[in-house]
$ cat my_file08.cif   # mmCIF, C-alpha atoms
data_upload
#
loop_
_atom_site.label_atom_id
_atom_site.label_comp_id
_atom_site.auth_asym_id
_atom_site.auth_seq_id
_atom_site.Cartn_x
_atom_site.Cartn_y
_atom_site.Cartn_z
CA MET A 937 101.66 108.14 127.89
CA ILE A 938 104.89 106.83 129.43
CA GLN A 939 103.82 103.33 128.46
CA ASN A 940 103.29 104.54 124.88
CA ARG A 941 106.75 106.04 124.82
CA ASN A 942 108.30 102.79 126.01
CA LYS A 943 106.37 100.85 123.38
CA LEU A 944 107.52 103.25 120.68
CA ILE A 945 111.11 102.87 121.82
CA GLU A 946 110.79 99.08 121.65
CA LEU A 947 109.40 99.32 118.10
CA LEU A 948 112.21 101.71 117.22
CA ILE A 949 114.78 99.23 118.56
CA GLY A 950 113.24 96.34 116.62
CA ASN A 951 113.27 98.21 113.34
CA LEU A 952 116.73 99.71 113.83
CA SER A 953 118.07 96.24 114.61
CA ASN A 954 116.56 94.97 111.38
CA PHE A 955 118.08 97.94 109.57
CA ALA A 956 121.57 97.23 110.93
CA VAL A 957 121.34 93.48 110.25
CA HIS A 958 120.41 94.10 106.61
CA LYS A 959 123.11 96.77 106.20
CA ILE A 960 125.82 94.41 107.44
CA LEU A 961 124.51 91.44 105.47
CA GLU A 962 124.44 93.65 102.37
CA LYS A 963 128.14 94.40 102.87
CA SER A 964 128.94 90.70 103.17
CA ILE A 965 127.88 89.81 99.63
CA ASN A 966 128.68 90.82 96.11
CA LYS A 967 125.58 89.82 94.19
CA PRO A 968 123.53 92.70 92.75
CA GLU A 969 120.23 90.78 92.86
CA LEU A 970 120.67 90.24 96.61
CA THR A 971 122.18 93.64 97.33
CA SER A 972 119.04 95.32 96.04
CA LYS A 973 116.87 93.14 98.30
CA TYR A 974 118.97 93.99 101.37
CA GLN A 975 118.83 97.66 100.42
CA LYS A 976 115.07 97.53 100.02
CA GLU A 977 114.67 95.96 103.44
CA SER A 978 117.05 98.39 105.14
CA ILE A 979 115.26 101.36 103.55
CA ASN A 980 111.91 99.96 104.74
CA SER A 981 113.22 99.47 108.26
CA PHE A 982 114.76 102.95 108.24
CA ASN A 983 111.50 104.59 107.13
CA ILE A 984 109.49 102.75 109.77
CA SER A 985 112.09 103.69 112.39
CA LEU A 986 111.89 107.30 111.29
CA ALA A 987 108.12 107.29 111.73
CA TYR A 988 108.49 105.92 115.27
CA ARG A 989 111.36 108.31 116.07
CA ASN A 990 109.12 111.23 115.12
CA LYS A 991 106.69 110.16 117.81
CA VAL A 992 109.25 109.92 120.62
CA ASN A 993 109.92 113.11 122.54
CA PRO A 994 112.10 115.14 122.39
CA ILE A 995 111.61 115.05 118.62
CA ASP A 996 114.15 117.63 117.47
CA LYS A 997 116.81 117.02 120.11
CA PRO A 998 118.84 113.96 121.07
CA LEU A 999 117.27 111.64 123.63
CA SER A 1000 118.53 111.42 127.20
CA ASN A 1001 121.76 109.53 127.91
CA THR A 1002 119.78 106.82 129.68
CA ASP A 1003 117.57 106.31 126.62
CA ILE A 1004 120.56 106.36 124.26
CA SER A 1005 122.52 103.78 126.17
CA TYR A 1006 119.45 101.53 126.58
CA ILE A 1007 118.68 101.74 122.83
CA LYS A 1008 122.32 101.20 121.81
CA ILE A 1009 122.83 98.19 124.03
CA LYS A 1010 119.58 96.54 122.99
CA ILE A 1011 120.19 97.06 119.27
CA SER A 1012 123.79 95.93 119.55
CA ASN A 1013 122.82 92.73 121.41
CA ARG A 1014 120.05 91.91 118.97
CA VAL A 1015 122.18 92.55 115.86
CA ASN A 1016 125.10 90.64 117.30
CA SER A 1017 122.95 87.67 118.10
CA GLU A 1018 121.27 87.62 114.65
CA LEU A 1019 124.57 87.88 112.80
CA SER A 1020 126.50 85.45 115.00
CA PHE A 1021 123.71 82.93 114.51
CA ARG A 1022 124.06 83.28 110.74
CA ILE A 1023 127.86 82.94 110.91
CA SER A 1024 127.42 79.74 112.93
CA LYS A 1025 125.12 78.41 110.20
CA GLY A 1026 127.64 79.05 107.43
CA TYR A 1027 127.18 82.65 106.26
CA GLU A 1028 130.49 84.09 105.14
CA ASN A 1029 132.16 87.51 105.13
CA ILE A 1030 129.98 89.00 107.87
CA ASP A 1031 132.01 91.67 109.62
CA LEU A 1032 130.81 92.00 113.21
CA THR A 1033 133.10 94.98 113.80
CA LEU A 1034 130.73 97.05 111.64
CA ILE A 1035 127.89 96.74 114.15
CA ASN A 1036 128.73 99.71 116.38
CA HIS A 1037 129.56 101.92 113.42
CA GLU A 1038 126.22 101.17 111.69
CA ILE A 1039 124.27 101.70 114.90
CA GLU A 1040 125.92 105.02 115.73
CA LYS A 1041 125.47 106.24 112.17
CA VAL A 1042 121.76 105.53 112.06
CA LEU A 1043 121.17 106.86 115.58
CA LYS A 1044 122.75 110.13 114.52
CA GLU A 1045 120.67 110.24 111.34
CA LEU A 1046 117.53 109.86 113.42
CA LYS A 1047 118.66 112.52 115.92
CA ILE A 1048 118.53 110.01 118.72
CA PHE A 1049 122.15 110.66 119.56
CA MET B 528 77.90 97.95 79.36
CA GLU B 529 78.57 95.48 76.59
CA ILE B 530 79.87 91.97 76.83
CA ILE B 531 81.02 89.77 74.01
CA ALA B 532 80.18 86.15 74.58
CA LYS B 533 79.85 83.01 72.55
CA ILE B 534 76.72 80.95 72.04
CA SER B 535 77.35 77.48 73.32
CA ARG B 536 75.36 74.39 72.60
CA GLY B 537 73.15 72.92 75.30
CA THR B 538 71.03 69.76 75.40
CA LYS B 539 67.60 71.36 75.25
CA MET B 540 68.52 74.99 74.72
CA ASP B 541 71.65 76.78 73.62
CA GLN B 542 73.07 79.42 76.00
CA VAL B 543 75.37 82.40 76.33
CA TYR B 544 77.67 82.38 79.37
CA ILE B 545 78.80 85.73 80.74
CA PRO B 546 81.37 86.30 83.51
CA LYS B 547 80.13 86.77 87.08
CA ALA B 548 82.73 89.51 87.52
CA ARG B 549 81.08 92.27 85.47
CA SER B 550 79.80 95.76 85.99
CA GLY B 551 76.10 95.97 85.13
CA LEU B 552 73.85 93.41 83.39
CA GLU B 553 72.31 92.20 86.63
CA ALA B 554 70.80 88.71 86.76
CA GLY B 555 67.14 89.00 85.81
CA SER B 556 67.57 91.98 83.50
CA TYR B 557 66.50 91.75 79.85
CA VAL B 558 69.15 92.02 77.14
CA ILE B 559 69.37 91.99 73.36
CA ILE B 560 71.48 89.33 71.68
CA LYS B 561 72.73 90.14 68.21
CA PRO B 562 75.54 88.88 65.98
CA LEU B 563 78.87 90.65 65.91
CA ALA B 564 81.38 91.34 63.17
CA THR B 565 84.73 89.52 63.54
CA GLU B 566 86.81 92.71 63.89
CA GLN B 567 84.58 93.88 66.74
CA ILE B 568 85.11 90.55 68.51
CA ASN B 569 88.86 90.95 68.36
CA GLU B 570 88.69 94.53 69.61
CA LYS B 571 86.44 93.66 72.56
CA ALA B 572 88.39 90.53 73.45
CA ARG B 573 91.42 92.75 73.77
CA LEU B 574 89.66 94.71 76.50
CA LYS B 575 88.66 91.76 78.64
CA PRO B 576 90.85 91.32 81.72
CA TYR B 577 92.00 87.93 83.03
CA PHE B 578 91.12 86.87 86.56
CA TYR B 579 93.32 84.61 88.68
CA GLY B 580 92.15 83.31 92.09
CA ILE B 581 89.14 85.63 92.05
CA LYS B 582 85.59 84.34 92.22
CA GLU B 583 83.79 87.66 92.43
CA ILE B 584 84.67 91.31 92.19
CA GLU B 585 82.59 94.41 92.76
CA PRO B 586 81.53 96.07 89.46
CA ILE B 587 82.95 99.41 90.59
CA LYS B 588 86.36 97.80 91.12
CA LEU B 589 86.20 96.32 87.65
CA ASP B 590 85.61 99.81 86.26
CA ILE B 591 88.62 101.09 88.22
CA ILE B 592 90.76 98.23 86.88
CA ASN B 593 89.75 98.96 83.28
CA LYS B 594 90.44 102.67 83.76
CA THR B 595 93.81 101.81 85.29
CA PHE B 596 94.73 99.64 82.31
CA ASP B 597 93.72 102.44 79.91
CA ILE B 598 95.79 105.07 81.72
CA ILE B 599 98.87 102.87 81.96
CA GLU B 600 98.67 101.93 78.29
CA LYS B 601 98.41 105.60 77.41
CA TYR B 602 101.69 106.46 79.12
CA ALA B 603 103.65 103.23 78.79
CA ASP B 604 104.06 100.27 76.53
CA PRO B 605 103.71 97.37 78.96
CA GLN B 606 103.92 93.69 78.05
CA ASN B 607 101.34 93.08 80.74
CA ILE B 608 99.71 94.82 83.70
CA ILE B 609 98.94 92.97 86.94
CA ILE B 610 96.59 94.32 89.61
CA THR B 611 97.06 92.60 92.95
CA GLY B 612 96.89 93.10 96.71
CA SER B 613 94.15 94.06 99.14
CA PHE B 614 92.21 95.98 96.47
CA LEU B 615 91.00 92.62 95.17
CA ASN B 616 89.68 91.43 98.55
CA SER B 617 85.94 91.76 98.91
CA GLY B 618 84.79 95.04 100.39
CA PHE B 619 86.48 98.40 100.38
CA ASN B 620 89.00 97.98 103.15
CA PHE B 621 92.10 98.69 101.05
CA ASN B 622 94.76 101.37 101.36
CA ASP B 623 96.15 101.51 97.88
CA LEU B 624 96.09 99.89 94.47
CA ASP B 625 99.02 97.52 93.91
CA ILE B 626 100.05 97.48 90.27
CA LEU B 627 102.80 95.47 88.68
CA ILE B 628 103.78 96.70 85.24
CA ILE B 629 105.68 94.19 83.13
CA SER B 630 107.93 96.37 81.08
CA LYS B 631 111.59 97.16 80.51
CA GLU B 632 111.27 100.80 81.43
CA THR B 633 108.35 102.91 82.52
CA ASN B 634 108.01 106.38 83.97
CA THR B 635 105.91 105.54 87.00
CA LYS B 636 105.68 109.11 88.32
CA ILE B 637 103.42 110.37 85.58
CA ILE B 638 101.27 107.22 85.73
CA GLU B 639 100.95 107.54 89.52
CA LYS B 640 99.89 111.16 89.15
CA LYS B 641 97.34 110.41 86.44
CA LEU B 642 95.90 107.42 88.30
CA GLN B 643 95.63 109.32 91.55
CA SER B 644 93.75 112.17 89.90
CA SER B 645 91.57 109.93 87.76
CA ILE B 646 90.52 107.12 90.11
CA GLY B 647 91.26 108.79 93.46
CA ILE B 648 93.14 105.81 94.89
CA LYS B 649 96.81 105.90 95.77
CA PRO B 650 98.60 103.54 93.37
CA HIS B 651 101.64 101.53 94.40
CA ILE B 652 103.48 100.70 91.20
CA LEU B 653 106.25 98.18 90.71
CA VAL B 654 107.94 97.85 87.32
CA LEU B 655 109.66 94.60 86.39
CA ASP B 656 110.70 93.03 83.15
CA LYS B 657 109.44 89.53 82.39
CA LYS B 658 112.80 87.91 83.11
CA ASN B 659 113.06 89.42 86.59
CA LEU B 660 109.47 88.52 87.32
CA GLU B 661 110.21 84.91 86.39
CA VAL B 662 113.30 84.92 88.62
CA GLY B 663 111.12 86.32 91.42
CA LEU B 664 108.47 83.67 90.87
CA SER B 665 111.00 80.87 91.06
CA THR B 666 112.86 82.12 94.15
CA ASP B 667 110.51 84.32 96.13
CA PRO B 668 107.30 83.20 97.91
CA LEU B 669 106.05 86.78 98.00
CA TYR B 670 105.87 86.91 94.22
CA LEU B 671 103.96 83.64 94.15
CA SER B 672 101.46 84.82 96.72
CA MET B 673 101.16 88.11 94.84
CA ILE B 674 100.11 86.52 91.56
CA SER B 675 97.94 83.85 93.17
CA LYS B 676 95.18 86.46 93.30
CA CYS B 677 95.31 89.04 90.57
CA VAL B 678 93.62 90.64 87.57
CA THR B 679 95.76 91.03 84.50
CA LYS B 680 95.55 92.80 81.20
CA GLY B 681 96.97 89.86 79.27
CA ARG B 682 97.12 86.17 79.98
CA LEU B 683 99.84 85.09 82.44
CA ILE B 684 102.24 82.60 80.91
CA PHE B 685 105.33 81.71 82.91
CA ASN B 686 107.84 78.96 82.66
CA THR B 687 109.35 78.81 86.13
CA LYS B 688 110.85 76.15 88.34
CA ARG B 689 111.10 76.65 92.08
CA GLU B 690 114.63 77.38 93.30
CA ILE B 691 115.67 77.78 96.93
CA ASN B 692 117.93 80.75 97.58
CA TYR B 693 118.44 80.68 101.34
CA LYS B 694 119.59 84.31 101.49
CA ILE B 695 116.40 85.60 99.86
CA LEU B 696 114.26 83.45 102.14
CA ASP B 697 116.28 84.58 105.15
CA ILE B 698 115.69 88.24 104.21
CA HIS B 699 111.94 87.65 104.12
CA LEU B 700 111.91 85.48 107.22
CA LEU B 701 113.63 88.20 109.25
CA LYS B 702 110.60 90.42 108.61
CA SER B 703 108.40 88.06 110.62
CA GLU B 704 110.66 87.92 113.66
CA PRO B 705 109.42 91.15 115.33
CA LEU B 706 106.07 89.51 116.02
CA ILE B 707 107.75 87.40 118.70
CA TYR B 708 108.88 90.38 120.76
CA SER B 709 106.39 93.05 119.64
CA PHE B 710 103.16 91.08 119.98
CA ASP B 711 101.55 93.61 122.32
CA ILE B 712 102.46 96.60 120.18
CA LEU B 713 101.36 95.40 116.75
CA ASN B 714 97.78 95.70 115.53
CA GLY B 715 95.79 92.86 113.98
CA GLU B 716 96.54 93.71 110.36
CA GLN B 717 100.28 93.99 111.07
CA LYS B 718 100.22 90.61 112.84
CA TYR B 719 98.33 89.04 109.94
CA TYR B 720 100.91 90.36 107.46
CA LEU B 721 103.83 88.94 109.48
CA ILE B 722 102.12 85.56 109.97
CA ARG B 723 101.29 85.33 106.24
CA ASN B 724 104.89 86.13 105.40
CA LEU B 725 106.19 83.34 107.66
CA ILE B 726 103.68 80.79 106.39
CA SER B 727 104.33 81.61 102.73
CA ILE B 728 108.05 80.88 103.30
CA LYS B 729 107.17 77.64 105.09
CA LEU B 730 104.96 76.51 102.19
CA PHE B 731 107.59 77.54 99.64
CA ILE B 732 110.32 75.47 101.31
CA GLU B 733 107.98 72.51 101.62
CA ASN B 734 107.39 72.79 97.87
CA ARG B 735 103.68 73.37 98.39
CA ASN B 736 101.44 75.84 96.59
CA VAL B 737 101.92 79.41 97.78
CA ASP B 738 98.57 81.03 97.16
CA ASN B 739 96.44 83.27 99.34
CA LEU B 740 93.82 80.66 100.11
CA GLY B 741 96.42 78.00 100.87
CA ILE B 742 98.30 80.37 103.19
CA ASP B 743 95.10 81.22 105.09
CA ARG B 744 94.14 77.55 105.36
CA GLU B 745 97.58 76.71 106.77
CA ILE B 746 97.33 79.57 109.28
CA LEU B 747 93.95 78.33 110.53
CA LYS B 748 95.27 74.80 110.84
CA LEU B 749 98.59 75.59 112.52
CA PHE B 750 97.29 78.15 115.00
CA LYS B 751 94.07 76.20 115.65
CA ILE B 752 91.77 79.15 115.03
CA ASP B 753 88.39 79.26 113.27
CA LYS B 754 88.64 82.51 111.35
CA ILE B 755 91.37 84.75 109.95
CA ASN B 756 89.46 87.68 111.45
CA ILE B 757 90.58 86.55 114.92
CA ILE B 758 94.05 87.70 113.87
CA LYS B 759 92.93 90.79 111.96
CA GLU B 760 90.78 91.95 114.87
CA ASN B 761 93.67 91.38 117.28
CA MET B 762 91.84 88.74 119.32
CA LEU B 763 94.62 86.13 119.50
CA ASN B 764 95.43 84.34 122.72
CA LYS B 765 98.99 85.61 123.20
CA LYS B 766 100.48 82.75 125.21
CA LYS B 767 99.12 79.99 123.01
CA PHE B 768 99.85 81.87 119.80
CA ILE B 769 103.44 82.86 120.61
CA GLU B 770 104.29 79.31 121.62
CA ILE B 771 103.17 77.95 118.23
CA TYR B 772 104.57 80.90 116.27
CA LYS B 773 108.05 80.58 117.82
CA GLU B 774 108.11 76.88 117.02
CA ILE B 775 107.10 77.44 113.37
CA TYR B 776 109.57 80.32 113.05
CA LYS B 777 112.46 78.25 114.44
CA GLN B 778 111.62 75.24 112.30
CA THR B 779 111.27 77.36 109.14
CA GLN B 780 114.56 79.12 109.88
CA LYS B 781 116.24 75.75 110.42
CA ASN B 782 114.86 74.51 107.10
CA VAL B 783 116.08 77.67 105.32
CA PHE B 784 119.56 77.33 106.80
CA ASN B 785 119.68 73.65 105.83
CA PHE B 786 120.02 74.88 102.25
CA ILE B 787 123.29 76.70 103.07
CA LYS B 788 125.39 73.63 102.56
CA ASN B 789 123.76 72.96 99.19
CA ASP B 790 124.10 76.50 97.94
CA SER B 791 127.02 78.53 96.65
CA LYS B 792 127.75 81.10 99.32
#
$ encode --input "my_file08.cif" --output "structure tokens"
Amino acid sequence: MIQNRNKLIELLIGNLSNFAVHKILEKSINKPELTSKYQKESINSFNISLAYRNKVNPIDKPLSNTDISYIKIKISNRVNSELSFRISKGYENIDLTLINHEIEKVLKELKIF
Amino acid sequence: MEIIAKISRGTKMDQVYIPKARSGLEAGSYVIIKPLATEQINEKARLKPYFYGIKEIEPIKLDIINKTFDIIEKYADPQNIIITGSFLNSGFNFNDLDILIISKETNTKIIEKKLQSSIGIKPHILVLDKKNLEVGLSTDPLYLSMISKCVTKGRLIFNTKREINYKILDIHLLKSEPLIYSFDILNGEQKYYLIRNLISIKLFIENRNVDNLGIDREILKLFKIDKINIIKENMLNKKKFIEIYKEIYKQTQKNVFNFIKNDSK
């Protein structure tokens, strides 16, 4: 059971990282045809995250501080690394200062935090 | 069941060819052949679907497809209707019915409701106008793989040229990344989806055909496996698989990012 919970948390982290990456990439561009694709992907990742969140106890209360800090750090590192990699390859207008804001916002929406 | 077919000339005997994908009229059964009035030919020809990348289809699925076309045409005025996805794979291991309606505007809610109650399968409807579909086909490997195996109401005629948009490819490529760190958690079908996604992008960048069969062939070759079912049944050798997968992922990502300098950012 504990192993299942850890697996679910890992899946949650993976999908929330994807969500945050797409949200920040979406804000870096001004092309409607791409914006809609980023939105679609972030909505997908959010819905999958929500499904996993609803399987992690406690469901209707925030998670423990240990869980929260583990999740936050892992998402933040993953998002930072994905975005920094893209900046190094030539992506423009990516604002890394948005990372923490996006993460906190979505964690609150999912009642993780 | 009625089929309209044309008598064609043979060397010793003339013949009538009928499609293998049909509901009823089993091989070996006796039939009547009689001439048809021209207006009846036109009417029946209108009802015949077009098959792309499909050798055989179960008769019951053909009935469902025809019913689906009828219902959609009753509530919308589509330029074309495309049925695609796992529904067209042999057997009955599908979750929903993927439908692409080519139209400027369509109320999908009522169609979804009617289809669900009439055929009992959850429809997944996407509405696109022809222009956006053509843009998708020229920039997005997913669109290409989607129409590589489909049944359509009308003939598919597109005039598209492949264009590389690194941002679109990057969006799709990101979807396949979780397989690297979530291998143990994902089931066989999820793994297969992520591998297919990666390989379709690889083929697209290499300017090769992006069709379902080609993608599967490339998967078998690259991962040195005999059957796709090894993936679907979650029987992959993790160490060997991840090693190859990471390499393909990295190389594909590198190839995608190589287009940054050629593209307007």
$ residues_near_point --input "my_file08.cif" --point "(101.8, 85.3, 126.0)" --cutoff "12 Å" --atoms "only C-alpha atoms" --output "list in words"
Leu706, Ile707, Tyr708, Ser709, Phe710, Asp711, Leu763, Asn764, Lys765, Lys766, Lys767, Phe768, Ile769, Glu770, Ile771, Tyr772 and Lys773 of chain B
$ residues_around --input "my_file08.cif" --residues "Glu969 of chain A" --least-positions-apart "2" --cutoff "12 Å" --atoms "only C-alpha atoms" --output "PyMOL selection string"
(chain A and resi 962+965-967+971-976) or (chain B and resi 659+662-663+666+692+694-695)
$ resolve_selection --input "my_file08.cif" --expression "the PyMOL selection byres ((chain A and resi 1020) around 12)" --output "JSON, numbers by chain"
{"A": [957, 960, 961, 1012, 1013, 1014, 1015, 1016, 1017, 1018, 1019, 1021, 1022, 1023, 1024, 1025, 1026, 1027, 1028, 1029, 1030, 1031, 1032, 1033, 1035]}
$ closest_residue --input "my_file08.cif" --among "A:Tyr1006, A:Phe955, A:Phe1049, A:Tyr988" --to "Asn940 of chain A" --atoms "all atoms listed in the file"
A:Tyr988
$ resolve_selection --input "my_file08.cif" --expression "the PyMOL selection byres ((chain B and resi 640) around 12)" --output "list in words"
Thr595, Ile598, Ile599, Tyr602, Asn634, Thr635, Lys636, Ile637, Ile638, Glu639, Lys641, Leu642, Gln643, Ser644, Ser645, Ile646, Gly647, Ile648, Lys649, Pro650, His651 and Ile652 of chain B
$ closest_residue --input "my_file08.cif" --among "B:Ile674, B:Ile698, B:Ile628, B:Leu552" --to "chain A" --atoms "only C-alpha atoms"
B:Ile698
